[in-house]
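Enquirer: Would you mind keeping the following structure in view while I ask a few things?
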Amino acid sequence: MAASSPIRPVRKAVFPVAGLGTRFLPASKSVPKEMLTVVDMPVIQYAVSEAKEAGIEHFVFVTGRNKAVIEDHFDIQPELRDTLAARNKQDMLDVLDRYQPEAGTTSFTRQQAPKGLGHAVWCARDIVGDEPFALLLPDMVMQAPKGCLSTMMDVYNKTGGNIIAVQECDPEEVSSYGIVAKGADVEGGFEITDMVEKPKKEDAPSNLYINGRYILQPDIFRLLENQETGAGGEIQITDAMLRLAGEQPFFGTVFEGNTFDCGSKEGFIAANVSFALERDDTGPIIREMLKNLL
Ligand code: UTP
């Protein structure tokens with residue numbers, strides 16, 4: 001896509017949820033880690049709500065074996081609704097309605113084996129088709145007044161191309177992340193001139209890490225087609241993005257909010273504490289409880 005091409009709207013979002021979640025064993029043996037709750041919402045719901053806030057119209061889930069409950073979560077449960085209605089629990093019905101996607105706005109496909117994130121994204125190619133799409137890694141739960149994807153959309157609507165959200169990390173921690181190199185500033189962001197997966201501290205081009213939110217052009221599917229494996233013997237999205245960066249512009253936006261890696265125990269616990277503290281219904285009691293515990 002040339003920079004001068006018309007900017008096509010981003011209508012669809014892909015949520016890869018086919019990973020094994022080994023860091024959450026034994027819980028993740030039968031419960032997908034994406035269904036573990038931060039306060040009272042499953043981890044996956046945070047990413048879906050963020051996408052909805054950003055104007056996404058269609059939600060594409062790449063699931064795997066033992067993940068059927070994710071599909072159930074986004075469906076209507078008539079028996080539950082009938083029981084709540086019979087008991088006059090309108091407030092609870094309102095909660096269900098608030099998170100209910102409209103009929104026909106979700107799609108589910110299966111990654112038949114967990115061959116890596118790049119492979120999971122490639123599995124969504126027919127559903128996404130030939131249009132730009134958002135990619136949200138649901139493990140990364142964001143907390144901010146304005147969602148990360150909404151901020152990225154603001155930049156995308158001016159620049160087009162591909163957008164990656166980044167955040168600053170402690171320079172000592174760069175070797176745990178995908179790191180980008182920062183080029184010239186553009187409105188609301190900057191040009192990305194390089195991406196390095198888990199660099200050594202001395203080789204890192206910055207301390208800006210890729211935080212799990214992307215807007216990508218559909219050409220990425222062509223680059224994932226060859227199923228080439230990278231680090232860890234997995235098909236990596238970063239490898240395909242690097243190749244796409246040879247053909248198309250990539251821009252970075254710095255997300256200023258909190259990001260919790262709910263794929264790790266410590267991130268998951270921190271998310272629970274932080275969201276519980278922020279909420280009116282749980283904040284005061286949790287604050288008191290934490291004081292007593294400490
Ligand atoms: P992770 O790197 O956290 O891997 O995946 P994982 O397998 O889920 O978890 P651990 O490391 O074993 O604990 C990042 C995101 O990519 C998805 C995961 O579901 C998660 O949302 N993913 C990863 C897939 O959908 N398919 C894959 O083959 C790998």
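In the structure tokens, each chain is lettered A, B, ... as it comes, each chain's residues begin at 1, and ligands are numbered from 1 in order of appearance.
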Give the residues close to ligand 1, within 7 Å, counting only C-alpha atoms and all ligand atoms; write them as an NGL selection string.
Expert: :A and (16-24 or 62-63 or 111 or 113-117 or 119-120 or 137-139 or 263)
Enquirer: Write a file of the selected residues as an mmCIF file, in the first residue's frame, keeping N, CA, C and O atoms.
Expert:
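In the end it all went to part.cif:
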data_model
loop_
_atom_site.group_PDB
_atom_site.id
_atom_site.type_symbol
_atom_site.label_atom_id
_atom_site.label_comp_id
_atom_site.auth_asym_id
_atom_site.auth_seq_id
_atom_site.Cartn_x
_atom_site.Cartn_y
_atom_site.Cartn_z
ATOM 1 N N PRO A 16 -6.300 -13.556 19.216
ATOM 2 C CA PRO A 16 -5.759 -14.920 19.248
ATOM 3 C C PRO A 16 -5.858 -15.478 20.670
ATOM 4 O O PRO A 16 -5.312 -14.901 21.604
ATOM 5 N N VAL A 17 -6.590 -16.575 20.812
ATOM 6 C CA VAL A 17 -6.800 -17.145 22.150
ATOM 7 C C VAL A 17 -6.555 -18.659 22.125
ATOM 8 O O VAL A 17 -7.186 -19.403 22.867
ATOM 9 N N ALA A 18 -5.627 -19.075 21.274
ATOM 10 C CA ALA A 18 -5.404 -20.512 21.118
ATOM 11 C C ALA A 18 -4.174 -21.013 21.877
ATOM 12 O O ALA A 18 -3.859 -22.200 21.821
ATOM 13 N N GLY A 19 -3.480 -20.121 22.581
ATOM 14 C CA GLY A 19 -2.254 -20.528 23.288
ATOM 15 C C GLY A 19 -2.553 -21.510 24.408
ATOM 16 O O GLY A 19 -3.682 -21.587 24.915
ATOM 17 N N LEU A 20 -1.542 -22.253 24.811
ATOM 18 C CA LEU A 20 -1.732 -23.287 25.849
ATOM 19 C C LEU A 20 -1.827 -22.698 27.251
ATOM 20 O O LEU A 20 -2.395 -23.313 28.145
ATOM 21 N N GLY A 21 -1.227 -21.535 27.449
ATOM 22 C CA GLY A 21 -1.303 -20.897 28.772
ATOM 23 C C GLY A 21 -0.615 -21.714 29.853
ATOM 24 O O GLY A 21 -1.093 -21.810 30.983
ATOM 25 N N THR A 22 0.557 -22.253 29.531
ATOM 26 C CA THR A 22 1.233 -23.159 30.483
ATOM 27 C C THR A 22 1.626 -22.460 31.783
ATOM 28 O O THR A 22 1.741 -23.109 32.814
ATOM 29 N N ARG A 23 1.786 -21.130 31.725
ATOM 30 C CA ARG A 23 2.174 -20.430 32.953
ATOM 31 C C ARG A 23 1.043 -20.406 33.973
ATOM 32 O O ARG A 23 1.238 -20.022 35.108
ATOM 33 N N PHE A 24 -0.147 -20.805 33.534
ATOM 34 C CA PHE A 24 -1.282 -20.844 34.464
ATOM 35 C C PHE A 24 -1.745 -22.250 34.792
ATOM 36 O O PHE A 24 -2.866 -22.429 35.288
ATOM 37 N N VAL A 62 -9.577 -16.480 17.361
ATOM 38 C CA VAL A 62 -8.863 -17.676 16.907
ATOM 39 C C VAL A 62 -8.698 -18.553 18.139
ATOM 40 O O VAL A 62 -7.883 -18.258 19.019
ATOM 41 N N THR A 63 -9.510 -19.582 18.224
ATOM 42 C CA THR A 63 -9.556 -20.410 19.424
ATOM 43 C C THR A 63 -8.836 -21.742 19.177
ATOM 44 O O THR A 63 -8.257 -21.946 18.115
ATOM 45 N N GLN A 111 -7.344 -22.548 15.533
ATOM 46 C CA GLN A 111 -5.959 -22.841 15.183
ATOM 47 C C GLN A 111 -5.769 -24.296 15.608
ATOM 48 O O GLN A 111 -5.869 -24.602 16.794
ATOM 49 N N ALA A 113 -3.374 -26.322 15.847
ATOM 50 C CA ALA A 113 -2.250 -26.633 16.752
ATOM 51 C C ALA A 113 -1.589 -25.311 17.110
ATOM 52 O O ALA A 113 -1.517 -24.407 16.264
ATOM 53 N N PRO A 114 -1.120 -25.147 18.354
ATOM 54 C CA PRO A 114 -0.533 -23.858 18.756
ATOM 55 C C PRO A 114 0.867 -23.663 18.174
ATOM 56 O O PRO A 114 1.875 -23.873 18.828
ATOM 57 N N LYS A 115 0.900 -23.249 16.901
ATOM 58 C CA LYS A 115 2.188 -23.136 16.192
ATOM 59 C C LYS A 115 2.790 -21.746 16.316
ATOM 60 O O LYS A 115 3.736 -21.417 15.606
ATOM 61 N N GLY A 116 2.205 -20.905 17.145
ATOM 62 C CA GLY A 116 2.754 -19.561 17.322
ATOM 63 C C GLY A 116 1.736 -18.491 16.959
ATOM 64 O O GLY A 116 0.748 -18.749 16.261
ATOM 65 N N LEU A 117 2.008 -17.283 17.450
ATOM 66 C CA LEU A 117 1.082 -16.168 17.268
ATOM 67 C C LEU A 117 0.871 -15.841 15.787
ATOM 68 O O LEU A 117 -0.248 -15.569 15.348
ATOM 69 N N HIS A 119 1.003 -17.797 13.266
ATOM 70 C CA HIS A 119 0.137 -18.825 12.685
ATOM 71 C C HIS A 119 -1.320 -18.592 13.103
ATOM 72 O O HIS A 119 -2.242 -18.742 12.296
ATOM 73 N N ALA A 120 -1.519 -18.205 14.380
ATOM 74 C CA ALA A 120 -2.885 -17.936 14.860
ATOM 75 C C ALA A 120 -3.511 -16.800 14.032
ATOM 76 O O ALA A 120 -4.661 -16.897 13.609
ATOM 77 N N LEU A 137 -3.814 -8.761 21.606
ATOM 78 C CA LEU A 137 -3.441 -9.920 22.415
ATOM 79 C C LEU A 137 -4.167 -9.778 23.746
ATOM 80 O O LEU A 137 -3.844 -8.876 24.541
ATOM 81 N N PRO A 138 -5.151 -10.621 23.982
ATOM 82 C CA PRO A 138 -6.021 -10.399 25.148
ATOM 83 C C PRO A 138 -5.321 -10.516 26.491
ATOM 84 O O PRO A 138 -5.785 -9.929 27.474
ATOM 85 N N ASP A 139 -4.196 -11.227 26.526
ATOM 86 C CA ASP A 139 -3.431 -11.311 27.785
ATOM 87 C C ASP A 139 -3.046 -9.937 28.303
ATOM 88 O O ASP A 139 -2.867 -9.741 29.503
ATOM 89 N N GLY A 263 -0.984 -12.874 31.183
ATOM 90 C CA GLY A 263 -0.472 -14.211 30.868
ATOM 91 C C GLY A 263 0.539 -14.665 31.909
ATOM 92 O O GLY A 263 0.972 -15.810 31.912
#
Enquirer: Just the residues within 10 Å of Gly212 (chain A), please, counting only C-alpha atoms, with nothing from its chain fewer than 5 positions along; format it as JSON, numbers by chain.
Expert: {"A": [135, 136, 137, 138, 139, 140, 141, 142, 148, 164, 165, 166, 178, 259, 261]}
Enquirer: Can you write just those residues out, N, CA and C atoms, as a PDB file, in the first residue's frame?
Expert:
ATOM      1  N   LEU A 135      -5.319  -6.126  15.748  1.00  0.00           N
ATOM      2  CA  LEU A 135      -4.922  -7.370  16.414  1.00  0.00           C
ATOM      3  C   LEU A 135      -4.709  -7.030  17.883  1.00  0.00           C
ATOM      4  N   LEU A 136      -5.431  -7.720  18.750  1.00  0.00           N
ATOM      5  CA  LEU A 136      -5.304  -7.465  20.195  1.00  0.00           C
ATOM      6  C   LEU A 136      -4.922  -8.756  20.891  1.00  0.00           C
ATOM      7  N   LEU A 137      -3.814  -8.761  21.606  1.00  0.00           N
ATOM      8  CA  LEU A 137      -3.441  -9.920  22.415  1.00  0.00           C
ATOM      9  C   LEU A 137      -4.167  -9.778  23.746  1.00  0.00           C
ATOM     10  N   PRO A 138      -5.151 -10.621  23.982  1.00  0.00           N
ATOM     11  CA  PRO A 138      -6.021 -10.399  25.148  1.00  0.00           C
ATOM     12  C   PRO A 138      -5.321 -10.516  26.491  1.00  0.00           C
ATOM     13  N   ASP A 139      -4.196 -11.227  26.526  1.00  0.00           N
ATOM     14  CA  ASP A 139      -3.431 -11.311  27.785  1.00  0.00           C
ATOM     15  C   ASP A 139      -3.046  -9.937  28.303  1.00  0.00           C
ATOM     16  N   MET A 140      -2.827  -9.015  27.379  1.00  0.00           N
ATOM     17  CA  MET A 140      -2.389  -7.680  27.764  1.00  0.00           C
ATOM     18  C   MET A 140      -3.629  -6.857  28.069  1.00  0.00           C
ATOM     19  N   VAL A 141      -3.872  -6.656  29.337  1.00  0.00           N
ATOM     20  CA  VAL A 141      -5.070  -5.926  29.775  1.00  0.00           C
ATOM     21  C   VAL A 141      -4.669  -4.482  30.063  1.00  0.00           C
ATOM     22  N   MET A 142      -5.383  -3.561  29.422  1.00  0.00           N
ATOM     23  CA  MET A 142      -5.032  -2.142  29.519  1.00  0.00           C
ATOM     24  C   MET A 142      -6.000  -1.414  30.444  1.00  0.00           C
ATOM     25  N   CYS A 148      -6.383   1.905  24.483  1.00  0.00           N
ATOM     26  CA  CYS A 148      -5.170   1.930  23.648  1.00  0.00           C
ATOM     27  C   CYS A 148      -5.537   1.894  22.166  1.00  0.00           C
ATOM     28  N   ILE A 164       1.679   0.179  15.522  1.00  0.00           N
ATOM     29  CA  ILE A 164       1.998  -0.677  16.671  1.00  0.00           C
ATOM     30  C   ILE A 164       1.998   0.199  17.915  1.00  0.00           C
ATOM     31  N   ALA A 165       1.300  -0.250  18.952  1.00  0.00           N
ATOM     32  CA  ALA A 165       1.346   0.497  20.218  1.00  0.00           C
ATOM     33  C   ALA A 165       2.565   0.046  21.009  1.00  0.00           C
ATOM     34  N   VAL A 166       3.216   1.008  21.632  1.00  0.00           N
ATOM     35  CA  VAL A 166       4.422   0.704  22.426  1.00  0.00           C
ATOM     36  C   VAL A 166       4.328   1.415  23.771  1.00  0.00           C
ATOM     37  N   GLY A 178       9.486  -7.419  22.551  1.00  0.00           N
ATOM     38  CA  GLY A 178       9.778  -6.923  21.215  1.00  0.00           C
ATOM     39  C   GLY A 178      10.003  -5.420  21.354  1.00  0.00           C
ATOM     40  N   THR A 259      -0.546  -1.229  31.579  1.00  0.00           N
ATOM     41  CA  THR A 259      -0.719  -2.492  30.862  1.00  0.00           C
ATOM     42  C   THR A 259      -0.318  -3.614  31.806  1.00  0.00           C
ATOM     43  N   ASP A 261       0.289  -7.720  32.045  1.00  0.00           N
ATOM     44  CA  ASP A 261       0.448  -8.970  31.310  1.00  0.00           C
ATOM     45  C   ASP A 261      -0.245 -10.082  32.096  1.00  0.00           C
TER      46      ASP A 261
END
Enquirer: Listing only residues of region 42-153 of chain A within 12 Å of region 277-280 of chain A, what is the closest atom pair and its distance in Å (to one decimal) for each, using only C-alpha atoms, sorted by chain and residue number ascending, as CSV?
Expert:
residue,atom,partner,partner_atom,distance
A:Gln143,CA,A:Glu278,CA,9.7
A:Ala144,CA,A:Glu278,CA,10.7
A:Pro145,CA,A:Glu278,CA,11.3
Enquirer: With C-alpha atoms kept, could you save the residues just selected as a tab-separated table (two decimals), in the first residue's frame?
Expert:
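Here's the written file part_12.tsv:
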chain	number	residue	atom	x	y	z
A	143	GLN	CA	-6.29	0.38	32.06
A	144	ALA	CA	-6.67	3.99	30.93
A	145	PRO	CA	-9.39	6.62	30.54
Enquirer: Which is closer to Leu25 (chain A) than all the others in A:Lys265, A:Thr238, A:Leu293, A:Leu223, using only C-alpha atoms?
Expert: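 For Leu25 (chain A), the nearest of the candidates is A:Lys265.
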Enquirer: Residues at most 10 Å from Pro205 (chain A), counting only C-alpha atoms, excluding those fewer than 5 positions away in the same chain, as a PDB file with N, CA and C atoms, in the first residue's frame?
Expert:
ATOM      1  N   VAL A 174      14.464  -4.928  28.579  1.00  0.00           N
ATOM      2  CA  VAL A 174      14.223  -4.976  27.130  1.00  0.00           C
ATOM      3  C   VAL A 174      14.317  -6.400  26.563  1.00  0.00           C
ATOM      4  N   ILE A 179      11.124  -4.922  20.811  1.00  0.00           N
ATOM      5  CA  ILE A 179      11.494  -3.507  20.982  1.00  0.00           C
ATOM      6  C   ILE A 179      11.535  -2.844  19.603  1.00  0.00           C
ATOM      7  N   VAL A 180      11.061  -1.578  19.539  1.00  0.00           N
ATOM      8  CA  VAL A 180      11.085  -0.871  18.251  1.00  0.00           C
ATOM      9  C   VAL A 180      12.144   0.225  18.264  1.00  0.00           C
ATOM     10  N   ALA A 181      12.605   0.586  17.060  1.00  0.00           N
ATOM     11  CA  ALA A 181      13.506   1.737  16.903  1.00  0.00           C
ATOM     12  C   ALA A 181      12.659   2.905  16.423  1.00  0.00           C
ATOM     13  N   LYS A 182      12.903   4.080  17.021  1.00  0.00           N
ATOM     14  CA  LYS A 182      12.068   5.259  16.770  1.00  0.00           C
ATOM     15  C   LYS A 182      12.696   6.128  15.694  1.00  0.00           C
ATOM     16  N   THR A 193      11.482   2.386  12.573  1.00  0.00           N
ATOM     17  CA  THR A 193      12.529   2.082  11.589  1.00  0.00           C
ATOM     18  C   THR A 193      13.082   0.666  11.754  1.00  0.00           C
ATOM     19  N   ASP A 194      12.788   0.034  12.892  1.00  0.00           N
ATOM     20  CA  ASP A 194      13.246  -1.357  13.079  1.00  0.00           C
ATOM     21  C   ASP A 194      12.481  -1.981  14.244  1.00  0.00           C
ATOM     22  N   MET A 195      12.450  -3.292  14.264  1.00  0.00           N
ATOM     23  CA  MET A 195      11.853  -4.029  15.392  1.00  0.00           C
ATOM     24  C   MET A 195      12.793  -5.175  15.720  1.00  0.00           C
ATOM     25  N   VAL A 196      13.035  -5.386  16.994  1.00  0.00           N
ATOM     26  CA  VAL A 196      13.933  -6.469  17.405  1.00  0.00           C
ATOM     27  C   VAL A 196      13.236  -7.284  18.489  1.00  0.00           C
ATOM     28  N   PRO A 199      15.855  -8.210  22.418  1.00  0.00           N
ATOM     29  CA  PRO A 199      17.292  -7.896  22.243  1.00  0.00           C
ATOM     30  C   PRO A 199      18.042  -7.895  23.580  1.00  0.00           C
ATOM     31  N   LYS A 200      19.364  -8.082  23.496  1.00  0.00           N
ATOM     32  CA  LYS A 200      20.191  -7.861  24.690  1.00  0.00           C
ATOM     33  C   LYS A 200      20.146  -6.372  24.996  1.00  0.00           C
TER      34      LYS A 200
END
Enquirer: Mind giving me the straight-line distance from CA of Gln167 (chain A) to CA of Val38 (chain A) in Å, one decimal?
Expert: 21.7 Å
Enquirer: Hey, what does DSSP flag as strand (DSSP E) within region 129-244 of chain A? Can you give it to me as an mmCIF file with N, CA and C atoms, in the first residue's frame?
Expert:
data_model
loop_
_atom_site.group_PDB
_atom_site.id
_atom_site.type_symbol
_atom_site.label_atom_id
_atom_site.label_comp_id
_atom_site.auth_asym_id
_atom_site.auth_seq_id
_atom_site.Cartn_x
_atom_site.Cartn_y
_atom_site.Cartn_z
ATOM 1 N N PHE A 133 -6.962 -4.607 9.682
ATOM 2 C CA PHE A 133 -7.622 -5.139 10.881
ATOM 3 C C PHE A 133 -6.800 -4.803 12.115
ATOM 4 N N ALA A 134 -7.480 -4.837 13.252
ATOM 5 C CA ALA A 134 -6.776 -4.669 14.526
ATOM 6 C C ALA A 134 -6.448 -6.044 15.066
ATOM 7 N N LEU A 135 -5.319 -6.126 15.748
ATOM 8 C CA LEU A 135 -4.922 -7.370 16.414
ATOM 9 C C LEU A 135 -4.709 -7.030 17.883
ATOM 10 N N LEU A 136 -5.431 -7.720 18.750
ATOM 11 C CA LEU A 136 -5.304 -7.465 20.195
ATOM 12 C C LEU A 136 -4.922 -8.756 20.891
ATOM 13 N N MET A 140 -2.827 -9.015 27.379
ATOM 14 C CA MET A 140 -2.389 -7.680 27.764
ATOM 15 C C MET A 140 -3.629 -6.857 28.069
ATOM 16 N N VAL A 141 -3.872 -6.656 29.337
ATOM 17 C CA VAL A 141 -5.070 -5.926 29.775
ATOM 18 C C VAL A 141 -4.669 -4.482 30.063
ATOM 19 N N MET A 142 -5.383 -3.561 29.422
ATOM 20 C CA MET A 142 -5.032 -2.142 29.519
ATOM 21 C C MET A 142 -6.000 -1.414 30.444
ATOM 22 N N GLN A 143 -5.459 -0.438 31.156
ATOM 23 C CA GLN A 143 -6.289 0.381 32.056
ATOM 24 C C GLN A 143 -5.937 1.847 31.799
ATOM 25 N N ASN A 162 0.534 0.777 8.883
ATOM 26 C CA ASN A 162 0.446 -0.181 9.991
ATOM 27 C C ASN A 162 0.827 0.540 11.279
ATOM 28 N N ILE A 163 0.127 0.230 12.359
ATOM 29 C CA ILE A 163 0.391 0.922 13.634
ATOM 30 C C ILE A 163 0.686 -0.107 14.712
ATOM 31 N N ILE A 164 1.679 0.179 15.522
ATOM 32 C CA ILE A 164 1.998 -0.677 16.671
ATOM 33 C C ILE A 164 1.998 0.199 17.915
ATOM 34 N N ALA A 165 1.300 -0.250 18.952
ATOM 35 C CA ALA A 165 1.346 0.497 20.218
ATOM 36 C C ALA A 165 2.565 0.046 21.009
ATOM 37 N N VAL A 166 3.216 1.008 21.632
ATOM 38 C CA VAL A 166 4.422 0.704 22.426
ATOM 39 C C VAL A 166 4.328 1.415 23.771
ATOM 40 N N GLN A 167 5.150 0.961 24.686
ATOM 41 C CA GLN A 167 5.267 1.608 25.996
ATOM 42 C C GLN A 167 6.712 1.561 26.433
ATOM 43 N N GLU A 168 7.041 2.490 27.329
ATOM 44 C CA GLU A 168 8.407 2.476 27.857
ATOM 45 C C GLU A 168 8.541 1.370 28.883
ATOM 46 N N GLY A 178 9.486 -7.419 22.551
ATOM 47 C CA GLY A 178 9.778 -6.923 21.215
ATOM 48 C C GLY A 178 10.003 -5.420 21.354
ATOM 49 N N ILE A 179 11.124 -4.922 20.811
ATOM 50 C CA ILE A 179 11.494 -3.507 20.982
ATOM 51 C C ILE A 179 11.535 -2.844 19.603
ATOM 52 N N VAL A 180 11.061 -1.578 19.539
ATOM 53 C CA VAL A 180 11.085 -0.871 18.251
ATOM 54 C C VAL A 180 12.144 0.225 18.264
ATOM 55 N N ALA A 181 12.605 0.586 17.060
ATOM 56 C CA ALA A 181 13.506 1.737 16.903
ATOM 57 C C ALA A 181 12.659 2.905 16.423
ATOM 58 N N LYS A 182 12.903 4.080 17.021
ATOM 59 C CA LYS A 182 12.068 5.259 16.770
ATOM 60 C C LYS A 182 12.696 6.128 15.694
ATOM 61 N N GLY A 183 11.898 6.462 14.666
ATOM 62 C CA GLY A 183 12.347 7.387 13.628
ATOM 63 C C GLY A 183 11.667 8.741 13.790
ATOM 64 N N ALA A 184 11.387 9.383 12.661
ATOM 65 C CA ALA A 184 10.820 10.745 12.680
ATOM 66 C C ALA A 184 9.430 10.758 13.306
ATOM 67 N N ASP A 185 9.101 11.880 13.942
ATOM 68 C CA ASP A 185 7.767 12.037 14.519
ATOM 69 C C ASP A 185 6.730 12.228 13.408
ATOM 70 N N VAL A 186 5.549 11.643 13.625
ATOM 71 C CA VAL A 186 4.391 11.952 12.780
ATOM 72 C C VAL A 186 3.298 12.391 13.744
ATOM 73 N N GLY A 189 2.371 10.201 16.729
ATOM 74 C CA GLY A 189 3.217 9.009 16.830
ATOM 75 C C GLY A 189 4.578 9.227 16.190
ATOM 76 N N PHE A 190 5.174 8.144 15.711
ATOM 77 C CA PHE A 190 6.504 8.236 15.086
ATOM 78 C C PHE A 190 6.678 7.086 14.104
ATOM 79 N N GLU A 191 7.620 7.267 13.191
ATOM 80 C CA GLU A 191 7.924 6.179 12.250
ATOM 81 C C GLU A 191 8.727 5.109 12.973
ATOM 82 N N ILE A 192 8.394 3.865 12.707
ATOM 83 C CA ILE A 192 9.186 2.758 13.255
ATOM 84 C C ILE A 192 10.219 2.375 12.198
ATOM 85 N N THR A 193 11.482 2.386 12.573
ATOM 86 C CA THR A 193 12.529 2.082 11.589
ATOM 87 C C THR A 193 13.082 0.666 11.754
ATOM 88 N N ASP A 194 12.788 0.034 12.892
ATOM 89 C CA ASP A 194 13.246 -1.357 13.079
ATOM 90 C C ASP A 194 12.481 -1.981 14.244
ATOM 91 N N MET A 195 12.450 -3.292 14.264
ATOM 92 C CA MET A 195 11.853 -4.029 15.392
ATOM 93 C C MET A 195 12.793 -5.175 15.720
ATOM 94 N N VAL A 196 13.035 -5.386 16.994
ATOM 95 C CA VAL A 196 13.933 -6.469 17.405
ATOM 96 C C VAL A 196 13.236 -7.284 18.489
ATOM 97 N N GLU A 197 13.197 -8.573 18.300
ATOM 98 C CA GLU A 197 12.560 -9.448 19.287
ATOM 99 C C GLU A 197 13.559 -9.773 20.390
ATOM 100 N N LEU A 208 11.333 1.077 24.092
ATOM 101 C CA LEU A 208 9.912 1.080 23.744
ATOM 102 C C LEU A 208 9.490 -0.336 23.358
ATOM 103 N N TYR A 209 8.669 -0.950 24.195
ATOM 104 C CA TYR A 209 8.285 -2.342 23.911
ATOM 105 C C TYR A 209 6.890 -2.419 23.281
ATOM 106 N N ILE A 210 6.723 -3.430 22.453
ATOM 107 C CA ILE A 210 5.452 -3.676 21.761
ATOM 108 C C ILE A 210 4.490 -4.276 22.785
ATOM 109 N N ASN A 211 3.337 -3.586 23.006
ATOM 110 C CA ASN A 211 2.502 -3.968 24.145
ATOM 111 C C ASN A 211 1.294 -4.847 23.804
ATOM 112 N N GLY A 212 1.198 -5.314 22.555
ATOM 113 C CA GLY A 212 0.127 -6.273 22.242
ATOM 114 C C GLY A 212 -1.079 -5.702 21.517
ATOM 115 N N ARG A 213 -0.921 -4.517 20.925
ATOM 116 C CA ARG A 213 -1.996 -3.926 20.121
ATOM 117 C C ARG A 213 -1.409 -3.486 18.788
ATOM 118 N N TYR A 214 -2.062 -3.897 17.701
ATOM 119 C CA TYR A 214 -1.543 -3.620 16.361
ATOM 120 C C TYR A 214 -2.709 -3.248 15.438
ATOM 121 N N ILE A 215 -2.428 -2.420 14.433
ATOM 122 C CA ILE A 215 -3.332 -2.282 13.287
ATOM 123 C C ILE A 215 -2.496 -2.695 12.084
ATOM 124 N N LEU A 216 -2.974 -3.694 11.357
ATOM 125 C CA LEU A 216 -2.156 -4.261 10.289
ATOM 126 C C LEU A 216 -2.923 -4.276 8.971
#
Enquirer: From a backbone DSSP assignment, name each residue in region 55-268 of chain A labelled alpha helix (DSSP H), as an MDAnalysis selection string.
Expert: chainID A and resid 68:73 78:86 90:98 117:122 125:128 148:159 219:224 237:245 265:268
Enquirer: Within 10 Å of Ser30 (chain A), counting only C-alpha atoms, which residues show up once you throw out same-chain ones fewer than 5 positions away? Write them as a list in words, please.
Expert: Leu25, Arg65, Asn66, Lys67 and Val69 of chain A
Enquirer: Keeping only all heavy atoms, write the selected residues as a CSV table (one decimal), in the first residue's frame.
Expert:
chain,number,residue,atom,x,y,z
A,25,LEU,N,-0.9,-23.2,34.5
A,25,LEU,CA,-1.2,-24.6,35.0
A,25,LEU,C,-1.2,-24.7,36.5
A,25,LEU,O,-0.3,-24.0,37.1
A,25,LEU,CB,-0.3,-25.6,34.3
A,25,LEU,CG,-0.6,-25.9,32.8
A,25,LEU,CD1,0.6,-26.7,32.2
A,25,LEU,CD2,-1.9,-26.6,32.6
A,65,ARG,N,-8.5,-26.1,21.0
A,65,ARG,CA,-9.2,-27.1,21.8
A,65,ARG,C,-9.3,-26.6,23.2
A,65,ARG,O,-8.5,-25.8,23.7
A,65,ARG,CB,-8.3,-28.4,21.8
A,65,ARG,CG,-8.3,-29.1,20.4
A,65,ARG,CD,-7.2,-30.1,20.4
A,65,ARG,NE,-7.4,-31.2,21.3
A,65,ARG,CZ,-8.2,-32.2,21.0
A,65,ARG,NH1,-8.9,-32.2,19.8
A,65,ARG,NH2,-8.4,-33.2,21.8
A,66,ASN,N,-10.4,-27.0,23.9
A,66,ASN,CA,-10.6,-26.6,25.3
A,66,ASN,C,-11.0,-25.1,25.4
A,66,ASN,O,-10.9,-24.6,26.5
A,66,ASN,CB,-9.4,-26.9,26.2
A,66,ASN,CG,-9.2,-28.4,26.4
A,66,ASN,OD1,-10.2,-29.1,26.3
A,66,ASN,ND2,-8.0,-28.8,26.5
A,67,LYS,N,-11.3,-24.4,24.3
A,67,LYS,CA,-11.6,-23.0,24.4
A,67,LYS,C,-13.0,-22.7,24.1
A,67,LYS,O,-13.4,-21.5,24.0
A,67,LYS,CB,-10.7,-22.2,23.5
A,67,LYS,CG,-9.2,-22.5,23.7
A,67,LYS,CD,-8.6,-21.5,24.8
A,67,LYS,CE,-7.1,-21.8,24.9
A,67,LYS,NZ,-6.4,-20.7,25.6
A,69,VAL,N,-15.6,-22.5,25.8
A,69,VAL,CA,-16.3,-21.6,26.7
A,69,VAL,C,-16.2,-20.2,26.4
A,69,VAL,O,-17.0,-19.3,26.8
A,69,VAL,CB,-15.8,-22.0,28.2
A,69,VAL,CG1,-14.4,-21.6,28.3
A,69,VAL,CG2,-16.7,-21.4,29.2
Enquirer: Within 7 Å of Leu224 (chain A), counting only C-alpha atoms, which residues qualify if same-chain residues fewer than 3 places away don't, as a compact mmCIF listing (two decimals) with N, CA and C atoms, in the first residue's frame?
Expert:
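File produced: out_28.txt:
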# COMPACT_ATOMS: atom_id res chain seq x y z
N GLY A 118 1.96 -15.86 15.01
CA GLY A 118 1.85 -15.56 13.58
C GLY A 118 0.91 -16.53 12.90
N TRP A 122 -2.70 -15.86 11.02
CA TRP A 122 -2.90 -16.37 9.64
C TRP A 122 -4.21 -17.17 9.54
N ILE A 220 -0.14 -8.74 5.45
CA ILE A 220 0.57 -9.56 6.44
C ILE A 220 0.26 -11.04 6.23
N PHE A 221 -0.96 -11.33 5.76
CA PHE A 221 -1.36 -12.74 5.58
C PHE A 221 -0.49 -13.41 4.51
N GLN A 227 4.68 -19.96 6.31
CA GLN A 227 4.74 -20.75 7.55
C GLN A 227 6.16 -20.92 8.08
N ALA A 240 7.04 -11.59 10.35
CA ALA A 240 6.21 -11.17 9.20
C ALA A 240 6.09 -9.64 9.16
